[in-house]
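Engineer: For reference, the structure I am asking about is given below.
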Amino acid sequence: MRKWWNSDVIVLIRRLAIVYLVLFVCRIVFYLYNRELIGPIGEAEWWLLFKGALRFDTVSVLYANSAFVLLSLLPFRFRGKAWYHGILAGYFYVVNGVVAALNFADTIYFHYTQIRFTAADLFFTENDNTGHLIWTFAAENWYLVLVWMAVVAGMVWLYRHSGKPITPIGNRMLYFGVNLLLLAGAGVLSLAGMRGGGLSRELRPITLSNASAYTTSSAKANLILSNPFCVLRTMGNKGISYKKYFTEEELAAIYSPYHLPPPQNSDNEVDSTFIGRNVVLFVMESFSAEHSALLNPDLYPDGHGFTPFLDSLMRTGFYFTRGYANGHKSIEALPSLLASIPSFKRPFILMPQALGEGRQLPKLLKDEGYETLFFCGSSRGSMGFDAYALSAGVSKTYDKDNYDARYPGNDDYDNYWGVWDEPFLRYMGSVLDETQQPFFATVFTISSHHPFVVPEQYADSLPAGRTKIHKGVAYTDLAIRRFFEKYGDTEWFRNTIFVFSADHVSSERFAPKTFTTSGLQHIILFFYTPDGILQGRDDRVFQQIDVMPTVLGLLNYEQPYFAFGRDAFREPERVPAAVSYGTGFQLMTDSLTLLFDEERVQAVYAASDTLQTRNIANPADSLQQSALRYLEAFIQQYYSHLERKQFMVPSEVSGSACHN
């Protein structure tokens, strides 16, 4: 009996079970570290979450250990040699130690991005400051490093006590035949496991979105996922696969990304005084709506939030109370704002389809005679921002290297990301002083990024706030105030339309309503003109991809263009909506929030249900069905254009009306 209990196959199963246990511990740590983001788990949810986790863990275990399984079942006698056992043990320790490390890193990464680490995120390891940031994160979360070391030590101990595999078959030919069959069977089972549970043609390999089958909560769906599944399943995924909900004729009637100039007799034209004005777009790191007392008076009864200057600009500008980000990462914000192209399952910038021909906002304005510039205080090449800006039509980029060249020997580096916002904005203003008008300039602020440090001279004067980011937000708000004070009297400043948008919601939040699916997208988003002509408050939904069409409308742009968003002033026929992607698609309209996994509606919440406590999904509700049709059309248009790499208005439709 002992021989069979310690046979090669049984010992292999026990060793693979160790990896399941490691992933289980990683998931417990993940939940404890991110429990505020994920929320409480009810008794009725545990079993479904466990089933989903087991399915995804099987994929991760087999992805990481397929070679280990193969080596453990090779039908040759040298499997029993001590040196061979050493090779197997070394493979097991190193590979599964990395698996544990990846999941612990994912624990921290999710806290700041609300999504799991995927292959697309490997892009960021090319940044020069990666090593510095890794050490910073490790130092801040030293206790997680200790837990990881304990998990690895426990894994090694369990492996060493998993038994010494022995072969109960003495006959050489029988040994070879039986083990060959076992190897073939293990290969088939491994392939089925890596696909998510089957080999039939109808069963597609599971993807990240399959986690939504076990919960309607996007946060809990992320709890189900594990790595290396998330990385390997998204690696090299260059193909476009999507469901076609409508015929081409139906699709164009429901929603189209083609924008045509209004008829000459239209009464919807914006005041011509905006024609030829400069445009300066501020993309502000992690500026959630939660930071603003104006946007959230219920959170700040004393009226004191952490963006007092931006609040003052909103009061005399045109602001959106329901402004939403289309993504979760900084790298997803730029194509949303500059090209009106959102990112869903993968950042658009990192997709090969992003190389398709298009005419983004900088390119369109350059053709109209604008100088186009991009500013970011990080080092050249960091995050790929400058590369994307150049591809979008920006003529000149300015970064830390340019700053250092103008101010040699400066002490303005924050030691993490780049130049502090205040001196870098002052530098941007000096460049704009020298730039011919009209110009379109984009600046990406960086000081409100983790690790949430501020210049030493402001450490005691800025409000500490209720989360770690608030002091950094207050600093950037102050930096923008100083920029306005310094350049407010210049001629170019008075002739500028300023656009302010966060890149995404902050990882640091405190209000319960900011932990919902819609709260995870709610950002500061508004327009400002120094002459006060553009003023007002809009309670309709407005998203980042609406910025490009709205800017073009303000400038009275009269050519056809491609954009997934809407002009908030000149296209009343388009639906005010915001679309984003977590573990599934989310649509927010003026009346509801709808969650959709591309096959079924997961949940619907009334817009007034800010805590999203009551799922009112009803297939018979006409308003919900209309919203679903719009979302399906949006998804189909998005992926059909990605598939074709086509982001321009075709000549054959330029003369027709496409304002859906």
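Identifiers in the structure tokens: chain A, B, ... in order shown; residue index from 1 per chain; ligand index from 1 in order shown.
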Write out as a ChimeraX atom specification all residues of segment 205-439 of chain A that DSSP puts in strand (DSSP E or B) for this structure's backbone.

Structural biologist: /A:258-259,278-284,288,318-324,357-358,371-376,378,396-398,413,418-419,439

Engineer: Give me, as a list in words, all polymer residues having an atom no more than 8 Å from Val579 of chain A, counting only C-alpha atoms and skipping those fewer than 6 positions away in the same chain.

Structural biologist: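 Those residues are Asn326, Gln543, Phe585, Gln586, Leu587, Met588 and Leu631 of chain A.
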
Engineer: Could you tell me which of A:Leu313, A:Ala354, A:Ala392, A:Leu48 comes closest to Leu223 of chain A if we count only C-alpha atoms?

Structural biologist: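 The closest residue to Leu223 of chain A is A:Leu48.
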
Engineer: Please run DSSP on the backbone and report, as an MDAnalysis selection string, all residues within segment 428-617 of chain A that come out as alpha helix (DSSP H).

Structural biologist: chainID A and resid 428:433 470:487 491:494 547:554

Engineer: Which polymer residues have any atom within 10 Å of an atom of Glu368 of chain A, counting only C-alpha atoms, with same-chain residues fewer than 4 positions away left out, as a list in words?

Structural biologist: Gly276, Pro362, Lys363, Leu364, Pro438 and Tyr557 of chain A

Engineer: Atom CA of Ser507 of chain A to atom CA of Phe483 of chain A: how many Å, to one decimal?

Structural biologist: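 Atom-to-atom, atom CA of Ser507 of chain A to atom CA of Phe483 of chain A, that is 26.4 Å.
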
Engineer: At what distance in Å, to one decimal, does atom CA of Arg277 of chain A lie from atom CA of Val394 of chain A?

Structural biologist: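 Between these atoms lies a distance of 17.3 Å.
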
Engineer: For segment 564-569 of chain A, please output as a PyMOL selection string all residues within 9 Å (counting only C-alpha atoms; exclusion window: fewer than 2 positions along the same chain).

Structural biologist: chain A and resi 256-259+268-270+336+339-342+542-554+562+571-572+574-578+634+637-638+659

Engineer: Can you tell me which residues surround segment 403-407 of chain A at a distance of at most 10 Å, considering only C-alpha atoms, apart from same-chain residues fewer than 5 positions away, and format the answer as a PyMOL selection string?

Structural biologist: chain A and resi 376-379+398+412-413+419+423-424+427-428

Engineer: Write the residues you've just listed into a file as a short mmCIF file (atom, residue, chain, number, x, y, z; two decimals), in the first residue's frame, and include C-alpha atoms for each of them.

Structural biologist:
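And here is the file that came out, result23.cif:
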```cif
data_model
loop_
_atom_site.label_atom_id
_atom_site.label_comp_id
_atom_site.auth_asym_id
_atom_site.auth_seq_id
_atom_site.Cartn_x
_atom_site.Cartn_y
_atom_site.Cartn_z
CA CYS A 376 5.51 65.73 -18.64
CA GLY A 377 8.07 66.11 -15.86
CA SER A 378 9.19 62.48 -15.97
CA SER A 379 12.29 61.25 -17.74
CA TYR A 398 9.19 68.48 -23.09
CA ASP A 412 13.73 69.80 -8.39
CA TYR A 413 13.64 66.01 -8.84
CA VAL A 419 10.29 67.15 -11.62
CA PRO A 423 8.63 74.18 -11.02
CA PHE A 424 7.70 72.09 -14.05
CA TYR A 427 8.85 75.85 -16.94
CA MET A 428 5.91 74.98 -19.20
#
```

Engineer: Show which residues sit within 12 Å of Asn296 of chain A, as number ranges by chain. Count only C-alpha atoms, and ignore same-chain residues fewer than 6 positions away.

Structural biologist: A: 288-290, 302-307, 311, 321-322, 511, 513-514, 519, 522-524
